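Novice: The structure follows.
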Number of protein chains: 2
Amino acid sequence: MTLDGSGSTSPIDSFYAVVPAGGAGTRLWPLSRARSPKFLRDLRGSGRSLLQETWDRLSPLCEDRFLVVTGSAHADAVGSQLDKVPAEAILTEPAARDSMAAIGYAAAVLERQDPDAVMGSFAADHVITGEAEFAAAVATAVAVAREGWLVTLGIEPTFPSSAFGYIHAGAPLAGHDGVSVVAEFVEKPSVETATEYLAAGGFRWNAGMFVARPSTILDLLHTWHPAFADRLRELAADPSLVEQAWADLPKIALDHAIAEPAAAAGKVATVPAPFGWDDIGDFDSLATLLGGEEPEGTVVLGEESLVQAVETSGLVVPHDKLVAVVGLDDVVVVDTPDAILVTTRERAQDVKKLVNALKDGGRGDLT
Amino acid sequence: MTLDGSGSTSPIDSFYAVVPAGGAGTRLWPLSRARSPKFLRDLRGSGRSLLQETWDRLSPLCEDRFLVVTGSAHADAVGSQLDKVPAEAILTEPAARDSMAAIGYAAAVLERQDPDAVMGSFAADHVITGEAEFAAAVATAVAVAREGWLVTLGIEPTFPSSAFGYIHAGAPLAGHDGVSVVAEFVEKPSVETATEYLAAGGFRWNAGMFVARPSTILDLLHTWHPAFADRLRELAADPSLVEQAWADLPKIALDHAIAEPAAAAGKVATVPAPFGWDDIGDFDSLATLLGGEEPEGTVVLGEESLVQAVETSGLVVPHDKLVAVVGLDDVVVVDTPDAILVTTRERAQDVKKLVNALKDGGRGDLT
């Protein structure tokens, strides 16, 4: 059990948390920038960045067995935000090579450190509500992972989202109540297909939360990408090679590199994850996260006294001066030191277009 | 003639321009503030404030016969914007007492200075296009005013506005082609009534541009408000009394004090004014002024490179950082050093509500 009588969580033996901290969060521009990505930002007004909240959530389970993998550009910021995490626990990537390289390298490092290790990989920029449920799901996943499974946490869908991939749960896994073998991972569906998934049952959101022994991850990788797995093990044995070798690693997501083929081979299990989860993909999601499904009036992220809204609904993120809005519904207004964004919740996905337009127009410095 | 062969204008003998510079322009907040009203602002992106443009337009006609009447809070700013206007030509009001006091005091000052004077009063915060037509209309008005008429310039309406009062032209005035006696001034009508006015003809917008001999103004005032007229003449004779006496002057608009009763008495003439005119009452007007009746895309007041608009129309006024807008039609976004406004052209009038809400909420410092 990870949940004691007081509602707090207990450490899980030999459990290592691995947190890849990357991704620009383009659709959250100008809050999120290439140089200051969303995991470094306090997007909930909690006083803690998403990265810090990730640490807050995981450290009761892993204690000091915590690794971050991040780009060299962000290593200092990560270090200063995570003041209890020692410098050697921050693995820096000389270049972004997608999640397989980041998580696979952490696996290779841990494989050498601790033969009993079970690692769980959790993005640095997701929001989770329900700490106790999260802890319980991780504990179950670790128990399953010890048996050699690649385990993924499957989020209970709350609506037919077309923004997430789905995990299709197959046969129950003997000996672990509620756990299933994964039948397949499915790509982001249309809303219609997602609606069918929810009606059918057995489909869960893929939040990219994988739990496994490090050697399980590397051995699976070796099955389909042997040179890649070998290379990661070499780098872990001699980290001085990382700087030069990293850029030549394959750029591929863990999902494609191992999770999907392993599922096809019947080697992936999924643990139901009955907690609230959001990857805050855009300002529409952020507004829902902060204000609920149908927020009344204006949701403010930041100092409420800096917002004056008259007959307005939506999301306002002030910076250091007054933001006044009159007569707009579902508007999004975001002020930052060097850029203001005005859009609507409906057009939140198109912020990506804007960022591209800025890059094309020679204002990449702002992105 | 005020129009010489080169298209430039010539001075008009004994013509004095009087420019009352007041009014907060609440509906143009946050560009216009109580402490920095719209006449001090460059609202056309011309590099000149509305006050400076007013001077630019009038000085060829009046040369150095130029008086500004403004609140003591704005006297320094007015002086520094009008560097060719001597300090003694800036009459300061210790308190705002509406237009009759401001213009009447200027009339009393001029009456003592120059027995041949004809004065014209023009607001400091209106926009006029068509300098030559303006100059010609003023010259005609001065000629009529020399005969003892109170003359008002009647703007040819371009649409049935419900935002302006109208001048109803009556019988033609003998000896002055196109000039009429004013039948009556009518208050701001409904759009329906305004439409009838335009269909009927003979109705013009009242832009508050009055031309008359100073003694005509004071004598008319004496007819209906004798003590007021006497007091203004006393103050002009001994300006040291102004500071103490000003606050006790009646607070009344020139229109109500003299123009309306004088029209009823058949003593007002109107000169057709076939130039473009706008009082820039709100951001909707400003957008039309800057972008035309049906602007395509986004109209920018200020530095174009500070605006990135994707699938957007409306008005954007950047300050010193990027303003990015995605997917909004007829939006208004205004950035200033201490406040950002977001609204729509349709709701432009409701900016007044916002300013009131700020005052009520203890943020009067921003208004």
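Note on naming: chains are A, B, ... as they come in the structure tokens, residues start from 1 per chain, ligands start from 1 in the order shown.
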What are the nearest atom pairs, with distances in Å to one decimal, for all residues of chain A that come at most 6 Å from chain B, using only C-alpha atoms, set out by chain and rising residue number as CSV?
Specialist:
```
residue,atom,partner,partner_atom,distance
A:Lys321,CA,B:Asp338,CA,5.1
A:Leu322,CA,B:Ala339,CA,4.5
A:Val323,CA,B:Ile340,CA,4.8
A:Ala324,CA,B:Leu341,CA,4.8
A:Val325,CA,B:Val342,CA,4.7
A:Val326,CA,B:Thr343,CA,4.9
A:Asp338,CA,B:Lys321,CA,5.1
A:Ala339,CA,B:Leu322,CA,4.5
A:Ile340,CA,B:Val323,CA,4.8
A:Leu341,CA,B:Ala324,CA,4.8
A:Val342,CA,B:Val325,CA,4.7
A:Thr343,CA,B:Val326,CA,4.9
```
Novice: Keeping N, CA and C atoms, export the residues of the selection given above as a PDB file, in the first residue's frame.
Specialist:
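Writing done, so here's out_22.pdb:
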```
ATOM      1  N   LYS A 321       0.555  44.664 -15.525  1.00  0.00           N
ATOM      2  CA  LYS A 321      -0.311  45.836 -15.652  1.00  0.00           C
ATOM      3  C   LYS A 321      -1.739  45.390 -15.868  1.00  0.00           C
ATOM      4  N   LEU A 322      -2.645  46.346 -15.744  1.00  0.00           N
ATOM      5  CA  LEU A 322      -4.060  46.025 -15.841  1.00  0.00           C
ATOM      6  C   LEU A 322      -4.414  45.458 -17.213  1.00  0.00           C
ATOM      7  N   VAL A 323      -5.235  44.399 -17.211  1.00  0.00           N
ATOM      8  CA  VAL A 323      -5.829  43.893 -18.450  1.00  0.00           C
ATOM      9  C   VAL A 323      -7.336  44.097 -18.330  1.00  0.00           C
ATOM     10  N   ALA A 324      -7.886  44.940 -19.195  1.00  0.00           N
ATOM     11  CA  ALA A 324      -9.308  45.263 -19.145  1.00  0.00           C
ATOM     12  C   ALA A 324      -9.980  44.703 -20.387  1.00  0.00           C
ATOM     13  N   VAL A 325     -11.082  43.988 -20.173  1.00  0.00           N
ATOM     14  CA  VAL A 325     -11.776  43.365 -21.295  1.00  0.00           C
ATOM     15  C   VAL A 325     -13.257  43.722 -21.213  1.00  0.00           C
ATOM     16  N   VAL A 326     -13.816  44.127 -22.343  1.00  0.00           N
ATOM     17  CA  VAL A 326     -15.223  44.508 -22.396  1.00  0.00           C
ATOM     18  C   VAL A 326     -15.936  43.730 -23.490  1.00  0.00           C
ATOM     19  N   ASP A 338       7.176  40.588 -23.022  1.00  0.00           N
ATOM     20  CA  ASP A 338       7.502  41.047 -24.368  1.00  0.00           C
ATOM     21  C   ASP A 338       6.459  40.727 -25.424  1.00  0.00           C
ATOM     22  N   ALA A 339       5.319  40.181 -25.025  1.00  0.00           N
ATOM     23  CA  ALA A 339       4.285  39.878 -26.019  1.00  0.00           C
ATOM     24  C   ALA A 339       2.935  39.709 -25.337  1.00  0.00           C
ATOM     25  N   ILE A 340       1.902  40.137 -26.072  1.00  0.00           N
ATOM     26  CA  ILE A 340       0.513  39.971 -25.635  1.00  0.00           C
ATOM     27  C   ILE A 340      -0.168  39.073 -26.659  1.00  0.00           C
ATOM     28  N   LEU A 341      -0.936  38.102 -26.167  1.00  0.00           N
ATOM     29  CA  LEU A 341      -1.748  37.278 -27.061  1.00  0.00           C
ATOM     30  C   LEU A 341      -3.218  37.553 -26.796  1.00  0.00           C
ATOM     31  N   VAL A 342      -3.978  37.722 -27.885  1.00  0.00           N
ATOM     32  CA  VAL A 342      -5.431  37.801 -27.778  1.00  0.00           C
ATOM     33  C   VAL A 342      -6.016  36.793 -28.760  1.00  0.00           C
ATOM     34  N   THR A 343      -6.815  35.859 -28.247  1.00  0.00           N
ATOM     35  CA  THR A 343      -7.490  34.908 -29.127  1.00  0.00           C
ATOM     36  C   THR A 343      -8.755  34.437 -28.419  1.00  0.00           C
TER      37      THR A 343
END
```
Novice: Near stretch 13-22 of chain B, within 7 Å and counting only C-alpha atoms, which residues show up once chain neighbours fewer than 4 positions away are dropped, as an NGL selection string?
Specialist: :B and (39 or 58 or 62 or 65-71 or 102-103 or 116-124)
Novice: Could you tell me, as a list of chain:residue names, which residues of stretch 168-246 of chain A DSSP assigns to strand (DSSP E) when given the backbone?
Specialist: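 Strand (DSSP E) assignments inside stretch 168-246 of chain A correspond to A:His168, A:Ala169, A:Gly170, A:Ala171, A:Pro172, A:Ser180, A:Val181, A:Val182, A:Ala183, A:Glu184, A:Phe185, A:Val186, A:Phe203, A:Arg204, A:Trp205, A:Asn206, A:Ala207, A:Gly208, A:Met209, A:Phe210, A:Val211, A:Ala212.
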Novice: So that I can check the secondary structure, give me every residue of stretch 48-226 of chain B assigned alpha helix (DSSP H) by backbone DSSP, as number ranges by chain.
Specialist: B: 50-62, 75-81, 98-113, 131-145, 191-200, 214-224, 226
Novice: Just the residues within 10 Å of B:Gly302, please, counting only C-alpha atoms, with nothing from its chain fewer than 2 positions along; format it as a list of chain:residue names.
Specialist: B:Asp42, B:Leu43, B:Arg44, B:Gly45, B:Ser46, B:Gly47, B:Val299, B:Val300, B:Glu304, B:Ser305, B:Leu306, B:Val307, B:Val316, B:Val317, B:Pro318, B:His319, B:Asp320
Novice: Using only C-alpha atoms, determine which residues lie at most 6 Å from A:Ser313, disregarding the query and same-chain residues fewer than 5 positions distant; provide the list as a PDB file with N, CA, C and O atoms, in the first residue's frame.
Specialist:
```
ATOM      1  N   GLY A 297     -18.054  33.612 -16.188  1.00  0.00           N
ATOM      2  CA  GLY A 297     -17.244  34.822 -16.157  1.00  0.00           C
ATOM      3  C   GLY A 297     -15.821  34.531 -16.568  1.00  0.00           C
ATOM      4  O   GLY A 297     -15.550  33.635 -17.359  1.00  0.00           O
ATOM      5  N   THR A 298     -14.915  35.285 -15.993  1.00  0.00           N
ATOM      6  CA  THR A 298     -13.544  35.273 -16.460  1.00  0.00           C
ATOM      7  C   THR A 298     -12.658  34.536 -15.467  1.00  0.00           C
ATOM      8  O   THR A 298     -12.694  34.817 -14.278  1.00  0.00           O
ATOM      9  N   ASP A 329     -16.824  37.001 -25.341  1.00  0.00           N
ATOM     10  CA  ASP A 329     -17.070  35.692 -24.742  1.00  0.00           C
ATOM     11  C   ASP A 329     -15.967  34.721 -25.116  1.00  0.00           C
ATOM     12  O   ASP A 329     -15.484  34.720 -26.248  1.00  0.00           O
ATOM     13  N   ASP A 330     -15.589  33.891 -24.144  1.00  0.00           N
ATOM     14  CA  ASP A 330     -14.589  32.843 -24.375  1.00  0.00           C
ATOM     15  C   ASP A 330     -13.303  33.396 -24.977  1.00  0.00           C
ATOM     16  O   ASP A 330     -12.667  32.765 -25.825  1.00  0.00           O
TER      17      ASP A 330
END
```
Novice: Separation of atom CA of A:Arg204 and atom CA of A:Ser32, in Å?
Specialist: 27.7 Å
Novice: Considering only C-alpha atoms, return as a list of chain:residue names whatever protein or nucleic-acid residues lie within 12 Å of A:Asp248, sequence-local ones (same chain, fewer than 6 positions apart) excluded.
Specialist: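 My list of contacting residues is A:Glu93, A:Pro94, A:Ala95, A:Ala96, A:Arg97, A:Ala101, A:Ala227, A:Phe228, A:Arg231, A:Leu232, A:Leu241, A:Val242.
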